[in-house]
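These notes concern the structure reproduced below.
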Amino acid sequence: MLLPGIRLATAADALVIADMSREYIEHGLGWSWNTARIAAAIADASTNVAVVDLSSGMVAFGIMHYGEHTAHLALLAVHPRHRNRGIAARLVTWLEKSADTAGIERIRVEARSDNPAALAFYRKQGYQQTGRLANYYRGVLDAVRLEKTLRVAVRESPQ
Ligand SMILES: CC(C)(COP(=O)(O)OP(=O)(O)OC[C@H]1O[C@@H](n2cnc3c(N)ncnc32)[C@H](O)[C@@H]1OP(=O)(O)O)[C@@H](O)C(=O)NCCC(=O)NCCS
């Protein structure tokens with residue numbers, strides 16, 4: 001397969017990303033990642049919104065927020081016609097690289113408990129389950145929390 005082109009999203013991508021989020025991630029739960037929220041993430045200096053373009057247009061996106069010690073993978077989706085070709089794996093690796101460069105220690109992600117494909121995907125990428133959050137999504141659906149450790153924290157103890 002041709003290597004997909006990964007780039008940072010611009011404001012013009014917000015509508016397509018929000019539509020993909022509603023259809024492929026938030027289905028059955030309402031629409032919290034609407035166009036305005038995606039646009040705010042694109043504009044946020046502590047967040048990378050990365051997209052994958054193929055000749056047919058945008059086929060995947062991932063959103064990662066970078067904190068001081070922890071990064072949070074907030075959203076990830078690949079268009080159904082383009083799944084199982086390694087696109088999400090490349091996208092997550094790309095987002096993780098920025099976290100690693102920034103010295104971040106771990107990446108955290110939540111997945112719907114009714115989404116075995118996402119759970120299998122994250123485990124394959126080296127994420128380990130750290131807990132289950134009851135009624136995390138809209139008070140009706142549990143989340144599974146997973147984490148990947150990038151480096152072990154070395155902090156000075158107070159004198
Ligand atoms: C989860 C998702 C992002 C995976 O995207 P993808 O591009 O198809 O994933 P990849 O091709 O990079 O898969 C990498 C590995 O993950 C695992 N994996 C991916 N999809 C899987 C599935 N449906 N079932 C089991 N394992 C799966 C496989 O081990 C795969 O490795 P392999 O190719 O050697 O078999 C995609 O299915 C998707 O967009 N789902 C809907 C949205 C969603 O659930 N997002 C995640 C939660 S926010």
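Residue names in the structure tokens use chain letters A, B, ... in the order shown, residue numbers from 1 in each chain, and ligand numbers from 1 in the order shown.
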- Kindly compile the residues surrounding ligand 1 within 6 Å, counting only C-alpha atoms and all ligand atoms, and format them as a PyMOL selection string. chain A and resi 24-25+75-78+83-89+111+117-118+120-121+124
- Message: Which residues are close to Gly28 in chain A, i.e. within 12 Å by only C-alpha atoms, leaving aside same-chain residues fewer than 4 positions away? Reply as an MDAnalysis selection string.
- Response: chainID A and resid 21:24 32 112 114 137:138 140:141
- Item | Between CA of Ile42 in chain A and CA of Thr149 in chain A - distance in Å to one decimal |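 Taking CA of Thr149 in chain A and CA of Ile42 in chain A, their separation equals 25.3 Å.
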- Item | Gly139 in chain A environment, 12 Å, only C-alpha atoms, sequence neighbours closer than 5 positions dropped, as a list in words |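 Contacts, with the query itself left out: Leu29, Gly30, Leu133 and Ala134 of chain A.
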For the selection you just gave me, I'd like the residues written to a file as a compact mmCIF listing (two decimals), in the first residue's frame, keeping N, CA, C and O atoms.
# COMPACT_ATOMS: atom_id res chain seq x y z
N LEU A 29 -24.84 7.85 21.09
CA LEU A 29 -24.55 8.60 22.32
C LEU A 29 -24.75 10.11 22.18
O LEU A 29 -24.35 10.87 23.05
N GLY A 30 -25.31 10.55 21.08
CA GLY A 30 -25.40 12.00 20.87
C GLY A 30 -24.15 12.48 20.17
O GLY A 30 -23.35 11.68 19.66
N LEU A 133 -14.45 2.57 33.69
CA LEU A 133 -15.15 3.74 34.21
C LEU A 133 -16.65 3.55 33.97
O LEU A 133 -17.10 3.58 32.82
N ALA A 134 -17.37 3.36 35.07
CA ALA A 134 -18.81 3.07 34.95
C ALA A 134 -19.56 4.28 34.41
O ALA A 134 -19.35 5.42 34.86
- Item | Expected answer as a ChimeraX atom specification: strand (DSSP E or B) residues in range 31-148 of chain A | /A:47-54,57-66,70-78,106-112,128-137,141-148
Selected residues written out, N, CA and C atoms, as a compact mmCIF listing (two decimals), in the first residue's frame:
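Ended up saving to part_16.txt:
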# COMPACT_ATOMS: atom_id res chain seq x y z
N THR A 47 -2.79 20.70 21.62
CA THR A 47 -3.48 19.57 21.01
C THR A 47 -3.05 19.42 19.56
N ASN A 48 -2.79 18.18 19.16
CA ASN A 48 -2.56 17.90 17.74
C ASN A 48 -3.79 17.20 17.17
N VAL A 49 -4.33 17.75 16.12
CA VAL A 49 -5.38 17.07 15.36
C VAL A 49 -4.71 16.68 14.05
N ALA A 50 -4.46 15.38 13.88
CA ALA A 50 -3.75 14.89 12.70
C ALA A 50 -4.73 14.16 11.80
N VAL A 51 -4.56 14.32 10.51
CA VAL A 51 -5.45 13.65 9.55
C VAL A 51 -4.63 12.90 8.52
N VAL A 52 -5.27 11.92 7.90
CA VAL A 52 -4.63 11.15 6.83
C VAL A 52 -5.40 11.41 5.54
N ASP A 53 -4.69 11.87 4.53
CA ASP A 53 -5.30 12.10 3.22
C ASP A 53 -4.88 10.99 2.26
N LEU A 54 -5.85 10.48 1.52
CA LEU A 54 -5.55 9.65 0.35
C LEU A 54 -6.12 10.40 -0.85
N GLY A 57 -9.58 11.69 -0.54
CA GLY A 57 -9.89 12.69 0.48
C GLY A 57 -9.43 12.22 1.84
N MET A 58 -9.93 12.89 2.89
CA MET A 58 -9.52 12.53 4.24
C MET A 58 -10.15 11.20 4.65
N VAL A 59 -9.34 10.27 5.14
CA VAL A 59 -9.86 8.96 5.48
C VAL A 59 -9.69 8.62 6.97
N ALA A 60 -8.96 9.44 7.69
CA ALA A 60 -8.73 9.12 9.10
C ALA A 60 -8.30 10.38 9.85
N PHE A 61 -8.55 10.37 11.15
CA PHE A 61 -8.05 11.47 11.97
C PHE A 61 -7.79 10.96 13.38
N GLY A 62 -6.93 11.68 14.09
CA GLY A 62 -6.66 11.39 15.49
C GLY A 62 -6.43 12.70 16.23
N ILE A 63 -6.90 12.75 17.47
CA ILE A 63 -6.74 13.97 18.27
C ILE A 63 -6.04 13.61 19.57
N MET A 64 -4.90 14.24 19.81
CA MET A 64 -4.17 13.99 21.05
C MET A 64 -3.90 15.31 21.76
N HIS A 65 -4.24 15.32 23.07
CA HIS A 65 -3.97 16.50 23.90
C HIS A 65 -2.73 16.21 24.75
N TYR A 66 -1.80 17.16 24.77
CA TYR A 66 -0.53 16.96 25.46
C TYR A 66 -0.52 17.75 26.77
N THR A 70 1.27 13.63 31.03
CA THR A 70 0.38 12.66 30.38
C THR A 70 -0.23 13.26 29.12
N ALA A 71 -0.28 12.47 28.08
CA ALA A 71 -1.02 12.87 26.88
C ALA A 71 -2.30 12.05 26.83
N HIS A 72 -3.33 12.63 26.23
CA HIS A 72 -4.62 11.96 26.16
C HIS A 72 -5.03 11.84 24.70
N LEU A 73 -5.22 10.60 24.28
CA LEU A 73 -5.71 10.36 22.92
C LEU A 73 -7.23 10.46 22.99
N ALA A 74 -7.75 11.57 22.50
CA ALA A 74 -9.16 11.88 22.71
C ALA A 74 -10.06 11.21 21.69
N LEU A 75 -9.64 11.18 20.44
CA LEU A 75 -10.48 10.61 19.38
C LEU A 75 -9.60 10.00 18.30
N LEU A 76 -10.13 8.95 17.68
CA LEU A 76 -9.40 8.28 16.60
C LEU A 76 -10.41 7.56 15.72
N ALA A 77 -10.36 7.76 14.44
CA ALA A 77 -11.26 7.01 13.56
C ALA A 77 -10.68 6.91 12.15
N VAL A 78 -10.98 5.79 11.53
CA VAL A 78 -10.61 5.54 10.14
C VAL A 78 -11.90 5.24 9.38
N ARG A 106 3.39 9.15 29.72
CA ARG A 106 2.40 8.10 29.38
C ARG A 106 1.28 8.68 28.53
N ILE A 107 0.64 7.78 27.81
CA ILE A 107 -0.52 8.17 27.01
C ILE A 107 -1.73 7.44 27.53
N ARG A 108 -2.80 8.17 27.70
CA ARG A 108 -4.04 7.59 28.24
C ARG A 108 -5.12 7.66 27.17
N VAL A 109 -5.96 6.66 27.16
CA VAL A 109 -7.07 6.65 26.20
C VAL A 109 -8.25 5.91 26.82
N GLU A 110 -9.45 6.32 26.47
CA GLU A 110 -10.64 5.56 26.86
C GLU A 110 -11.32 5.04 25.60
N ALA A 111 -11.85 3.84 25.70
CA ALA A 111 -12.61 3.27 24.59
C ALA A 111 -13.96 2.78 25.11
N ARG A 112 -14.95 2.83 24.25
CA ARG A 112 -16.26 2.32 24.64
C ARG A 112 -16.14 0.84 24.98
N GLN A 128 -2.22 -0.86 27.80
CA GLN A 128 -2.69 -1.86 28.77
C GLN A 128 -3.87 -1.31 29.54
N GLN A 129 -4.83 -2.18 29.79
CA GLN A 129 -6.03 -1.74 30.51
C GLN A 129 -5.68 -1.38 31.94
N THR A 130 -6.14 -0.19 32.39
CA THR A 130 -5.86 0.23 33.77
C THR A 130 -7.13 0.38 34.59
N GLY A 131 -8.29 0.30 33.95
CA GLY A 131 -9.53 0.40 34.72
C GLY A 131 -10.74 0.45 33.83
N ARG A 132 -11.88 0.42 34.50
CA ARG A 132 -13.16 0.53 33.80
C ARG A 132 -13.93 1.66 34.47
N LEU A 133 -14.45 2.57 33.69
CA LEU A 133 -15.15 3.74 34.21
C LEU A 133 -16.65 3.55 33.97
N ALA A 134 -17.37 3.36 35.07
CA ALA A 134 -18.81 3.07 34.95
C ALA A 134 -19.56 4.28 34.41
N ASN A 135 -20.43 4.04 33.44
CA ASN A 135 -21.33 5.08 32.89
C ASN A 135 -20.58 6.32 32.43
N TYR A 136 -19.40 6.14 31.91
CA TYR A 136 -18.53 7.27 31.50
C TYR A 136 -19.14 8.06 30.34
N TYR A 137 -19.77 7.36 29.42
CA TYR A 137 -20.32 8.02 28.24
C TYR A 137 -21.80 8.33 28.46
N LEU A 141 -23.00 4.30 29.31
CA LEU A 141 -22.11 3.28 28.74
C LEU A 141 -20.74 3.36 29.42
N ASP A 142 -20.21 2.21 29.82
CA ASP A 142 -18.90 2.17 30.47
C ASP A 142 -17.78 2.44 29.47
N ALA A 143 -16.69 2.96 30.00
CA ALA A 143 -15.45 3.09 29.22
C ALA A 143 -14.40 2.17 29.81
N VAL A 144 -13.52 1.70 28.93
CA VAL A 144 -12.32 0.99 29.38
C VAL A 144 -11.17 1.97 29.23
N ARG A 145 -10.43 2.17 30.31
CA ARG A 145 -9.27 3.08 30.23
C ARG A 145 -8.02 2.26 29.98
N LEU A 146 -7.19 2.74 29.08
CA LEU A 146 -5.92 2.07 28.77
C LEU A 146 -4.79 3.09 28.81
N GLU A 147 -3.60 2.59 29.08
CA GLU A 147 -2.43 3.47 29.11
C GLU A 147 -1.24 2.82 28.45
N LYS A 148 -0.40 3.66 27.89
CA LYS A 148 0.88 3.19 27.36
C LYS A 148 1.98 4.03 28.02
- Considering only C-alpha atoms, state which residue in the set A:Ser46, A:Ser56, A:Thr101, A:Thr35 is at the smallest distance from Ala18 in chain A.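 For Ala18 in chain A, the nearest of the given residues is A:Thr35.
Closest to Tyr127 in chain A among A:Leu150, A:Asp13, A:Gly67, A:Ser98 is A:Leu150, based on only C-alpha atoms.
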- Task: Please report, as JSON, numbers by chain, each residue of chain A to which DSSP assigns helix (DSSP H, G or I) when run on this structure's backbone.
- Result: {"A": [11, 12, 13, 14, 15, 16, 17, 18, 19, 20, 21, 22, 23, 24, 25, 35, 36, 37, 38, 39, 40, 41, 42, 43, 80, 81, 82, 87, 88, 89, 90, 91, 92, 93, 94, 95, 96, 97, 98, 99, 100, 101, 116, 117, 118, 119, 120, 121, 122, 123, 124]}
Could you please take those selected residues and save C-alpha atoms as a PDB file, in the first residue's frame?
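That gives us again-v5.pdb:
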ATOM      1  CA  ALA A  11      -9.984  24.857  10.412  1.00  0.00           C
ATOM      2  CA  ALA A  12     -11.364  23.771   7.032  1.00  0.00           C
ATOM      3  CA  ASP A  13     -11.222  20.104   8.181  1.00  0.00           C
ATOM      4  CA  ALA A  14     -13.386  20.589  11.286  1.00  0.00           C
ATOM      5  CA  LEU A  15     -16.726  19.727   9.679  1.00  0.00           C
ATOM      6  CA  VAL A  16     -15.529  16.459   8.105  1.00  0.00           C
ATOM      7  CA  ILE A  17     -13.811  15.371  11.334  1.00  0.00           C
ATOM      8  CA  ALA A  18     -16.894  16.188  13.415  1.00  0.00           C
ATOM      9  CA  ASP A  19     -19.114  14.220  11.011  1.00  0.00           C
ATOM     10  CA  MET A  20     -16.756  11.230  11.207  1.00  0.00           C
ATOM     11  CA  SER A  21     -16.763  11.452  15.000  1.00  0.00           C
ATOM     12  CA  ARG A  22     -20.559  11.434  15.146  1.00  0.00           C
ATOM     13  CA  GLU A  23     -20.871   8.546  12.723  1.00  0.00           C
ATOM     14  CA  TYR A  24     -18.003   6.248  13.706  1.00  0.00           C
ATOM     15  CA  ILE A  25     -17.278   7.041  17.372  1.00  0.00           C
ATOM     16  CA  THR A  35     -17.733  21.177  14.593  1.00  0.00           C
ATOM     17  CA  ALA A  36     -17.099  23.979  17.115  1.00  0.00           C
ATOM     18  CA  ARG A  37     -15.373  21.607  19.565  1.00  0.00           C
ATOM     19  CA  ILE A  38     -13.213  20.111  16.817  1.00  0.00           C
ATOM     20  CA  ALA A  39     -12.318  23.613  15.586  1.00  0.00           C
ATOM     21  CA  ALA A  40     -11.288  24.552  19.139  1.00  0.00           C
ATOM     22  CA  ALA A  41      -9.068  21.446  19.333  1.00  0.00           C
ATOM     23  CA  ILE A  42      -7.447  22.354  15.992  1.00  0.00           C
ATOM     24  CA  ALA A  43      -6.721  25.852  17.312  1.00  0.00           C
ATOM     25  CA  PRO A  80     -14.679   1.964   7.192  1.00  0.00           C
ATOM     26  CA  ARG A  81     -13.529   1.461   3.576  1.00  0.00           C
ATOM     27  CA  HIS A  82      -9.909   2.018   4.627  1.00  0.00           C
ATOM     28  CA  ILE A  87      -3.616   3.532   8.869  1.00  0.00           C
ATOM     29  CA  ALA A  88      -4.639   3.968  12.517  1.00  0.00           C
ATOM     30  CA  ALA A  89      -1.404   2.339  13.695  1.00  0.00           C
ATOM     31  CA  ARG A  90       0.640   4.856  11.674  1.00  0.00           C
ATOM     32  CA  LEU A  91      -1.464   7.769  12.874  1.00  0.00           C
ATOM     33  CA  VAL A  92      -1.146   6.817  16.536  1.00  0.00           C
ATOM     34  CA  THR A  93       2.601   6.268  16.161  1.00  0.00           C
ATOM     35  CA  TRP A  94       2.856   9.765  14.648  1.00  0.00           C
ATOM     36  CA  LEU A  95       0.914  11.330  17.551  1.00  0.00           C
ATOM     37  CA  GLU A  96       2.913   9.337  20.110  1.00  0.00           C
ATOM     38  CA  LYS A  97       6.171  10.589  18.624  1.00  0.00           C
ATOM     39  CA  SER A  98       5.218  14.181  19.482  1.00  0.00           C
ATOM     40  CA  ALA A  99       4.452  13.107  23.054  1.00  0.00           C
ATOM     41  CA  ASP A 100       7.760  11.281  23.307  1.00  0.00           C
ATOM     42  CA  THR A 101       9.669  14.280  21.950  1.00  0.00           C
ATOM     43  CA  PRO A 116     -13.910  -4.774  20.916  1.00  0.00           C
ATOM     44  CA  ALA A 117     -12.199  -3.632  17.696  1.00  0.00           C
ATOM     45  CA  ALA A 118     -10.843  -0.485  19.376  1.00  0.00           C
ATOM     46  CA  LEU A 119      -9.771  -2.440  22.462  1.00  0.00           C
ATOM     47  CA  ALA A 120      -7.942  -4.974  20.292  1.00  0.00           C
ATOM     48  CA  PHE A 121      -6.348  -2.160  18.308  1.00  0.00           C
ATOM     49  CA  TYR A 122      -5.052  -0.339  21.403  1.00  0.00           C
ATOM     50  CA  ARG A 123      -3.697  -3.550  22.946  1.00  0.00           C
ATOM     51  CA  LYS A 124      -1.854  -4.250  19.698  1.00  0.00           C
TER      52      LYS A 124
END
- Item | Between CA of Gln125 in chain A and CA of His79 in chain A, distance in Å (one decimal) | 19.1 Å
- Item | Pairwise distance for CA of Ala45 in chain A and CA of Glu105 in chain A, rounded to one decimal in Å | 19.1 Å
